[in-house]
Amino acid sequence: MALAPHSTIRYNVMGDESRNAMRQRMKFSAMQAVVADCMKAGAFGFSSSSGPVHFDGEGLPVPSRMLPR
C-alpha cells in the first residue's frame, strides 16, 4: 500500500510553476484527477509535507512546502 504524494503530483501537473503558484493559478482539477487515478491503482490516501527539512533532489524545498495559504 502507498500514499499519493502531493509534491510529486503537483510538480507533475504544474512543472516549475508548482513552487510559486498562487491559489488562483493552481490546477486543482488536474491534480484531483491524478489523485483519483492513484486511488484506483491502490493508493490508500494522500500525503503532503510542510516540514522545514523536506527538500527535493536538487536541494530545493518540495512544492508542498509552498502551499498557498
# chains A, B, ... in the order shown; residues from 1 in each chain; ligands from 1
call {"tool": "residues_around", "arguments": {"residues": "A:Gly51", "least_positions_apart": "2", "cutoff": "10 Å", "atoms": "only C-alpha atoms", "output": "VMD selection string"}}
result
chain A and resid 48 to 49 53 to 55 61 to 62 64 to 65
call {"tool": "residues_around", "arguments": {"residues": "A:Ala43", "least_positions_apart": "4", "cutoff": "10 Å", "atoms": "only C-alpha atoms", "output": "list in words"}}
result
Met1, Ala2, Leu3, Ala4, Pro5, Val35, Ala36, Asp37, Cys38 and Met39 of chain A
call {"tool": "closest_residue", "arguments": {"among": "A:Pro52, A:Gly42, A:Pro63, A:Gly57", "to": "A:Ala21", "atoms": "only C-alpha atoms"}}
result
A:Pro63
call {"tool": "closest_residue", "arguments": {"among": "A:Met66, A:Lys40, A:Thr8, A:Val34", "to": "A:Met22", "atoms": "only C-alpha atoms"}}
result
A:Met66
call {"tool": "select_by_dssp", "arguments": {"residues": "chain A", "states": "helix (DSSP H, G or I)", "output": "count of residues only"}}
result
34
